[in-house]
>>> print(open('input-v4.txt').read())   # compact mmCIF, C-alpha atoms
# COMPACT_ATOMS: atom_id res chain seq x y z
CA MET A 8 67.45 40.32 -30.00
CA THR A 9 65.78 38.03 -32.50
CA ALA A 10 64.48 34.89 -30.91
CA SER A 11 62.00 32.19 -31.79
CA VAL A 12 60.13 30.51 -28.95
CA THR A 13 57.96 27.55 -29.80
CA SER A 14 56.10 24.75 -28.11
CA ARG A 15 54.10 21.79 -29.29
CA HIS A 16 50.68 23.35 -29.50
CA GLU A 17 48.76 26.39 -30.72
CA LYS A 18 49.20 30.07 -29.75
CA PRO A 19 48.49 30.91 -26.11
CA ALA A 20 45.48 32.84 -24.98
CA ALA A 21 45.86 36.01 -22.95
CA PRO A 22 46.94 35.34 -19.38
CA ILE A 23 44.26 34.56 -16.82
CA ALA A 24 43.31 37.84 -15.20
CA ALA A 25 43.18 36.71 -11.60
CA THR A 26 43.48 33.84 -9.19
CA THR A 27 42.75 33.65 -5.50
CA SER A 28 46.47 34.03 -4.73
CA HIS A 29 46.80 37.43 -6.48
CA PRO A 30 44.69 39.93 -4.50
CA ILE A 31 46.37 43.17 -5.64
CA TRP A 32 44.13 44.44 -8.45
CA TRP A 33 46.67 46.78 -9.95
CA GLY A 34 49.23 43.98 -9.91
CA ARG A 35 46.87 41.85 -12.00
CA TRP A 36 46.39 44.79 -14.34
CA LEU A 37 50.15 45.46 -14.56
CA TYR A 38 50.89 41.78 -15.22
CA ALA A 39 48.34 41.69 -18.05
CA VAL A 40 49.65 44.91 -19.60
CA LEU A 41 53.27 43.74 -19.45
CA TRP A 42 52.28 40.35 -20.88
CA VAL A 43 50.64 41.97 -23.92
CA LEU A 44 53.47 44.50 -24.31
CA CYS A 45 56.19 41.85 -24.18
CA ARG A 46 54.26 39.62 -26.60
CA THR A 47 53.78 42.53 -29.02
CA LEU A 48 57.41 43.67 -28.86
CA GLY A 49 58.64 40.11 -29.01
CA VAL A 50 56.68 39.29 -32.16
CA SER A 51 57.12 42.62 -33.97
CA LEU A 52 60.68 43.56 -33.03
CA LEU A 53 62.41 40.54 -31.56
CA GLY A 54 61.04 37.77 -33.73
CA PHE A 55 59.46 35.72 -30.92
CA ARG A 56 57.20 32.87 -32.01
CA LEU A 57 55.28 31.58 -29.04
CA GLY A 58 53.46 28.28 -29.11
CA LYS A 59 50.86 27.09 -26.66
CA ALA A 60 52.15 25.35 -23.56
CA GLY A 61 50.43 22.21 -22.44
CA ARG A 62 47.31 23.17 -20.54
CA LEU A 63 48.31 23.95 -16.98
CA PRO A 64 45.79 23.69 -14.13
CA ARG A 65 43.89 26.98 -14.01
CA ASP A 66 43.54 27.03 -10.23
CA GLY A 67 45.39 25.85 -7.16
CA GLY A 68 49.05 25.59 -6.28
CA LEU A 69 51.41 24.43 -9.01
CA LEU A 70 55.17 23.92 -9.06
CA VAL A 71 56.58 24.75 -12.50
CA LEU A 72 59.85 22.83 -12.68
CA SER A 73 62.10 24.30 -15.36
CA SER A 74 65.62 23.97 -16.67
CA HIS A 75 67.58 27.20 -16.26
CA GLN A 76 69.57 28.71 -19.12
CA SER A 77 69.45 32.50 -18.77
CA HIS A 78 67.94 35.58 -17.17
CA LEU A 79 65.24 35.32 -19.84
CA ASP A 80 63.75 32.12 -18.45
CA PRO A 81 61.04 33.52 -16.12
CA LEU A 82 59.87 35.86 -18.89
CA LEU A 83 59.82 33.06 -21.47
CA LEU A 84 57.83 30.80 -19.18
CA GLY A 85 55.32 33.54 -18.45
CA LEU A 86 54.85 34.40 -22.12
CA ALA A 87 54.41 30.75 -23.13
CA THR A 88 51.65 29.99 -20.61
CA ASP A 89 48.14 31.22 -19.92
CA ARG A 90 48.62 30.86 -16.16
CA ARG A 91 50.10 33.68 -14.13
CA LEU A 92 53.42 32.52 -12.69
CA SER A 93 55.39 33.63 -9.64
CA SER A 94 59.18 33.75 -9.61
CA LEU A 95 61.56 33.67 -6.67
CA ALA A 96 63.42 36.91 -5.99
CA ARG A 97 66.02 38.07 -3.47
CA SER A 98 64.29 39.70 -0.53
CA SER A 99 66.65 42.68 -0.78
CA LEU A 100 65.04 43.63 -4.11
CA PHE A 101 61.75 44.31 -2.31
CA THR A 102 63.34 47.21 -0.42
CA PHE A 103 64.04 49.29 -3.55
CA GLY A 104 61.06 51.67 -3.38
CA PRO A 105 58.85 51.60 -6.50
CA PHE A 106 60.65 48.54 -7.89
CA GLY A 107 59.87 46.63 -4.73
CA ARG A 108 56.20 47.57 -4.99
CA VAL A 109 56.11 46.49 -8.63
CA ILE A 110 57.59 43.03 -8.05
CA THR A 111 55.30 42.61 -5.04
CA ALA A 112 52.32 43.42 -7.25
CA LEU A 113 53.62 40.93 -9.83
CA ASP A 114 53.54 38.29 -7.08
CA ALA A 115 57.26 37.62 -6.84
CA VAL A 116 58.19 35.38 -3.91
CA PRO A 117 60.81 36.98 -1.60
CA ILE A 118 63.66 34.68 -0.60
CA ASP A 119 66.16 35.81 2.04
CA ARG A 120 69.49 34.27 1.04
CA LYS A 121 70.95 35.08 4.45
CA ALA A 122 68.21 33.17 6.25
CA SER A 123 68.07 29.42 6.71
CA ALA A 124 67.06 27.13 3.88
CA VAL A 125 64.15 25.95 6.03
CA LYS A 126 62.72 29.46 6.22
CA ALA A 127 63.04 29.89 2.45
CA MET A 128 61.28 26.59 1.84
CA LYS A 129 58.47 27.54 4.21
CA THR A 130 57.98 30.75 2.24
CA VAL A 131 57.63 28.87 -1.04
CA ILE A 132 55.41 26.17 0.50
CA GLY A 133 53.13 28.84 1.93
CA ARG A 134 52.78 30.48 -1.48
CA LEU A 135 52.05 27.13 -3.15
CA ARG A 136 49.43 26.27 -0.52
CA GLY A 137 47.91 29.69 -1.13
CA GLY A 138 47.20 28.71 -4.74
CA ALA A 139 50.11 30.27 -6.63
CA ALA A 140 51.95 28.73 -9.57
CA VAL A 141 55.63 29.07 -8.63
CA ILE A 142 58.63 28.62 -10.92
CA VAL A 143 61.47 26.54 -9.45
CA PHE A 144 64.79 25.90 -11.21
CA PRO A 145 66.03 22.57 -9.77
CA GLU A 146 69.57 23.03 -11.13
CA GLY A 147 69.91 25.84 -8.61
CA THR A 148 71.66 28.22 -11.01
CA ARG A 149 71.93 29.05 -14.69
CA THR A 150 73.80 26.54 -16.80
CA GLU A 151 77.45 27.32 -17.55
CA THR A 152 77.60 25.21 -20.73
CA GLY A 153 74.09 25.19 -22.17
CA SER A 154 73.54 21.59 -21.10
CA LEU A 155 71.04 20.47 -18.48
CA GLY A 156 72.84 20.30 -15.13
CA GLU A 157 72.38 18.18 -12.04
CA ILE A 158 68.79 18.10 -10.79
CA LYS A 159 68.86 18.88 -7.08
CA SER A 160 66.27 17.33 -4.81
CA GLY A 161 64.90 20.31 -2.85
CA PHE A 162 61.87 20.77 -5.09
CA ALA A 163 60.52 17.33 -4.15
CA LEU A 164 60.05 18.34 -0.53
CA LEU A 165 58.34 21.57 -1.61
CA ALA A 166 55.84 19.73 -3.81
CA LYS A 167 55.12 16.99 -1.28
CA ARG A 168 54.72 19.35 1.69
CA ALA A 169 52.50 21.71 -0.30
CA GLY A 170 50.54 18.87 -1.90
CA VAL A 171 50.69 20.36 -5.42
CA PRO A 172 51.20 18.99 -8.93
CA ILE A 173 54.41 19.54 -10.90
CA ALA A 174 54.67 20.84 -14.47
CA PRO A 175 58.09 20.02 -16.00
CA VAL A 176 59.45 22.20 -18.82
CA ALA A 177 62.75 22.38 -20.70
CA ILE A 178 64.17 25.58 -22.19
CA VAL A 179 66.72 25.28 -25.00
CA GLY A 180 68.47 28.10 -26.86
CA ALA A 181 68.20 30.79 -24.19
CA PHE A 182 71.81 30.04 -23.22
CA GLU A 183 72.94 30.92 -26.74
CA CYS A 184 70.90 34.13 -26.60
CA TRP A 185 72.09 35.22 -23.17
CA PRO A 186 74.75 33.07 -21.50
CA ARG A 187 75.64 33.96 -17.94
CA PHE A 188 79.00 35.43 -18.98
CA ARG A 189 77.48 38.01 -21.38
CA LEU A 190 76.25 41.42 -20.25
CA LEU A 191 73.51 41.72 -22.88
CA PRO A 192 71.42 39.25 -24.93
CA ARG A 193 72.01 38.53 -28.60
CA PRO A 194 69.97 37.06 -31.51
CA GLY A 195 69.03 33.40 -31.37
CA ARG A 196 66.32 30.78 -31.43
CA ILE A 197 64.67 29.47 -28.27
CA ARG A 198 62.37 26.51 -27.80
CA LEU A 199 60.26 25.53 -24.80
CA GLU A 200 58.94 21.99 -24.34
CA PHE A 201 56.28 21.38 -21.68
CA GLY A 202 55.65 17.89 -20.37
CA GLU A 203 52.56 16.31 -18.94
CA VAL A 204 51.64 17.62 -15.50
CA ILE A 205 52.55 15.20 -12.68
CA SER A 206 49.42 15.10 -10.54
CA ALA A 207 49.35 15.87 -6.84
CA ALA A 208 48.22 12.28 -6.27
CA GLU A 209 51.33 10.92 -8.01
CA VAL A 210 53.54 13.38 -6.15
CA ALA A 211 52.10 12.11 -2.86
CA ALA A 212 52.45 8.44 -3.87
CA LEU A 213 56.17 8.66 -4.65
CA ASP A 214 58.88 9.06 -2.04
CA GLU A 215 61.30 11.96 -2.49
CA ARG A 216 63.95 9.89 -4.28
CA GLN A 217 61.42 8.43 -6.68
CA LEU A 218 59.92 11.86 -7.35
CA VAL A 219 63.34 13.35 -8.11
CA GLU A 220 64.07 10.48 -10.50
CA ARG A 221 60.66 10.87 -12.15
CA CYS A 222 61.11 14.59 -12.69
CA ALA A 223 64.76 14.33 -13.76
CA ALA A 224 63.79 11.77 -16.39
CA ALA A 225 61.01 14.05 -17.63
CA LEU A 226 63.31 17.09 -17.84
CA HIS A 227 66.02 15.17 -19.70
CA ALA A 228 63.46 13.79 -22.18
CA LEU A 229 61.98 17.26 -22.73
CA ASP A 230 65.46 18.74 -23.14
CA ARG A 231 66.30 16.17 -25.84
CA GLN A 232 62.99 16.79 -27.58
CA ALA A 233 63.49 20.56 -27.50
CA ARG A 234 66.98 20.21 -28.99
CA ARG A 235 65.71 17.96 -31.78
CA MET A 236 62.84 20.28 -32.61
CA ARG A 237 65.04 23.37 -32.45
CA ALA A 238 67.64 21.78 -34.75
CA GLY A 239 64.91 20.72 -37.18
CA LYS A 240 63.44 24.22 -37.16
CA SER A 241 66.87 25.70 -37.79
CA LEU A 242 67.48 23.39 -40.75
CA GLY A 243 63.98 23.87 -42.20
>>> encode(input="input-v4.txt", output="structure tokens")
Amino acid sequence: MTASVTSRHEKPAAPIAATTSHPIWWGRWLYAVLWVLCRTLGVSLLGFRLGKAGRLPRDGGLLVLSSHQSHLDPLLLGLATDRRLSSLARSSLFTFGPFGRVITALDAVPIDRKASAVKAMKTVIGRLRGGAAVIVFPEGTRTETGSLGEIKSGFALLAKRAGVPIAPVAIVGAFECWPRFRLLPRPGRIRLEFGEVISAAEVAALDERQLVERCAAALHALDRQARRMRAGKSLG
């Protein structure tokens, strides 16, 4: 796959080696090794061009609110930031021997799809309160058309209950590289646009409806910006 991933700023530094929410030393080591390996392969073989994401808070819980275009999205977000990110994963994946130990070490958040939504939310809130930066896709699933879908409201309760800031980000072009109906990815150009972090104080000051509207507006604006910049890059 040949892809180009850009953002509005300079190249990212190496990922932060550790935070208080990542106690498994070999998991920190594995994350750092995979980060460098994926960056190297992406630049040398796949044509990735990674820009610097807006500076995310280095410490404390953070909800990374992203549009969702493909299976590539968690990887793209991790490569474009200097903060170690946690992704949600089906709890059944943690039972697969070595694979389960690896994703545990990489700080994936287990979500039991057969359990109640309340239990799943408590799991995510607990991880956020523990200081992790957790990726949440508010559309709930990968886009079927490449366009930004409906922004569901569940993330607002997570952020307010955990008392954490929100970092909105739009991904554009990953759908063309790997749409949900294709088995394997293909060449393309991908752009990430990160918005200003919505502070924990602002999250607390807004009610859930206002927070959803605030974040939806930010995601739509970032999506439009990413599409303009990607089209300009393609034409240049």
>>> residues_around(input="input-v4.txt", residues="Ile205 (chain A)", least_positions_apart="6", cutoff="7 Å", atoms="all atoms listed in the file", output="list in words")
Pro172, Ile173 and Ala174 of chain A
>>> atom_distance(input="input-v4.txt", atom1="CA of Gly133 (chain A)", atom2="CA of Ser73 (chain A)")
20.0 Å
>>> closest_residue(input="input-v4.txt", among="A:Leu218, A:Val141, A:Leu165, A:Ala223", to="Ala124 (chain A)", atoms="only C-alpha atoms")
A:Leu165
>>> residues_around(input="input-v4.txt", residues="Cys184 (chain A)", least_positions_apart="5", cutoff="7 Å", atoms="all atoms listed in the file", output="ChimeraX atom specification")
/A:192-195
>>> residues_near_point(input="input-v4.txt", point="(60.4, 14.4, -3.7)", cutoff="8 Å", atoms="only C-alpha atoms", output="VMD selection string")
chain A and resid 160 to 167 210 213 to 219
>>> atom_distance(input="input-v4.txt", atom1="CA of Arg91 (chain A)", atom2="CA of Leu72 (chain A)")
14.7 Å
>>> closest_residue(input="input-v4.txt", among="A:Ile132, A:Ala140, A:Val125, A:Ile158", to="Arg221 (chain A)", atoms="all atoms listed in the file")
A:Ile158
>>> closest_residue(input="input-v4.txt", among="A:Pro186, A:Gly170, A:Gly180, A:Pro117", to="Thr150 (chain A)", atoms="only C-alpha atoms")
A:Pro186
>>> atom_distance(input="input-v4.txt", atom1="CA of Val116 (chain A)", atom2="CA of Ser74 (chain A)")
18.7 Å
>>> residues_around(input="input-v4.txt", residues="Leu83 (chain A)", least_positions_apart="2", cutoff="9 Å", atoms="all atoms listed in the file", output="ChimeraX atom specification")
/A:12,57,79-81,85-88,178,199
>>> residues_near_point(input="input-v4.txt", point="(72.0, 24.6, -29.2)", cutoff="12 Å", atoms="all atoms listed in the file", output="ChimeraX atom specification")
/A:76,152-155,178-184,186,195-198,230-231,233-241
>>> build_atoms(input="input-v4.txt", residues="region 215-243 of chain A", atoms="N, CA and C atoms", output="compact mmCIF listing (two decimals), keeping the file's coordinate frame")
# COMPACT_ATOMS: atom_id res chain seq x y z
N GLU A 215 60.54 10.85 -1.93
CA GLU A 215 61.30 11.96 -2.49
C GLU A 215 62.30 11.50 -3.55
N ARG A 216 62.98 10.39 -3.30
CA ARG A 216 63.95 9.89 -4.28
C ARG A 216 63.27 9.52 -5.58
N GLN A 217 62.15 8.82 -5.49
CA GLN A 217 61.42 8.43 -6.68
C GLN A 217 60.89 9.64 -7.45
N LEU A 218 60.45 10.66 -6.70
CA LEU A 218 59.92 11.86 -7.35
C LEU A 218 61.03 12.61 -8.08
N VAL A 219 62.20 12.70 -7.46
CA VAL A 219 63.34 13.35 -8.11
C VAL A 219 63.70 12.60 -9.40
N GLU A 220 63.75 11.28 -9.32
CA GLU A 220 64.07 10.48 -10.50
C GLU A 220 63.02 10.65 -11.59
N ARG A 221 61.77 10.69 -11.20
CA ARG A 221 60.66 10.87 -12.15
C ARG A 221 60.78 12.21 -12.86
N CYS A 222 61.03 13.26 -12.11
CA CYS A 222 61.11 14.59 -12.69
C CYS A 222 62.39 14.78 -13.50
N ALA A 223 63.50 14.23 -13.02
CA ALA A 223 64.76 14.33 -13.76
C ALA A 223 64.63 13.65 -15.11
N ALA A 224 64.00 12.48 -15.13
CA ALA A 224 63.79 11.77 -16.39
C ALA A 224 62.94 12.60 -17.34
N ALA A 225 61.89 13.23 -16.81
CA ALA A 225 61.01 14.05 -17.63
C ALA A 225 61.76 15.25 -18.21
N LEU A 226 62.56 15.92 -17.38
CA LEU A 226 63.31 17.09 -17.84
C LEU A 226 64.34 16.71 -18.90
N HIS A 227 65.02 15.60 -18.71
CA HIS A 227 66.02 15.17 -19.70
C HIS A 227 65.34 14.81 -21.02
N ALA A 228 64.19 14.13 -20.95
CA ALA A 228 63.46 13.79 -22.18
C ALA A 228 62.97 15.05 -22.89
N LEU A 229 62.45 16.01 -22.13
CA LEU A 229 61.98 17.26 -22.73
C LEU A 229 63.14 18.05 -23.32
N ASP A 230 64.27 18.03 -22.65
CA ASP A 230 65.46 18.74 -23.14
C ASP A 230 65.90 18.14 -24.48
N ARG A 231 65.92 16.81 -24.58
CA ARG A 231 66.30 16.17 -25.84
C ARG A 231 65.30 16.50 -26.95
N GLN A 232 64.02 16.47 -26.59
CA GLN A 232 62.99 16.79 -27.58
C GLN A 232 63.12 18.23 -28.05
N ALA A 233 63.35 19.15 -27.13
CA ALA A 233 63.49 20.56 -27.50
C ALA A 233 64.69 20.77 -28.42
N ARG A 234 65.78 20.08 -28.15
CA ARG A 234 66.98 20.21 -28.99
C ARG A 234 66.73 19.65 -30.39
N ARG A 235 66.02 18.52 -30.48
CA ARG A 235 65.71 17.96 -31.78
C ARG A 235 64.82 18.90 -32.58
N MET A 236 63.78 19.40 -31.93
CA MET A 236 62.84 20.28 -32.61
C MET A 236 63.50 21.60 -33.00
N ARG A 237 64.33 22.12 -32.13
CA ARG A 237 65.04 23.37 -32.45
C ARG A 237 65.99 23.18 -33.62
N ALA A 238 66.72 22.05 -33.64
CA ALA A 238 67.64 21.78 -34.75
C ALA A 238 66.86 21.61 -36.05
N GLY A 239 65.72 20.90 -35.99
CA GLY A 239 64.91 20.72 -37.18
C GLY A 239 64.37 22.02 -37.70
N LYS A 240 63.94 22.90 -36.79
CA LYS A 240 63.44 24.22 -37.16
C LYS A 240 64.53 25.04 -37.81
N SER A 241 65.77 24.92 -37.26
CA SER A 241 66.87 25.70 -37.79
C SER A 241 67.23 25.26 -39.21
N LEU A 242 67.10 23.93 -39.44
CA LEU A 242 67.48 23.39 -40.75
C LEU A 242 66.38 23.58 -41.78
N GLY A 243 65.11 23.77 -41.26
CA GLY A 243 63.98 23.87 -42.20
C GLY A 243 63.86 25.21 -42.86
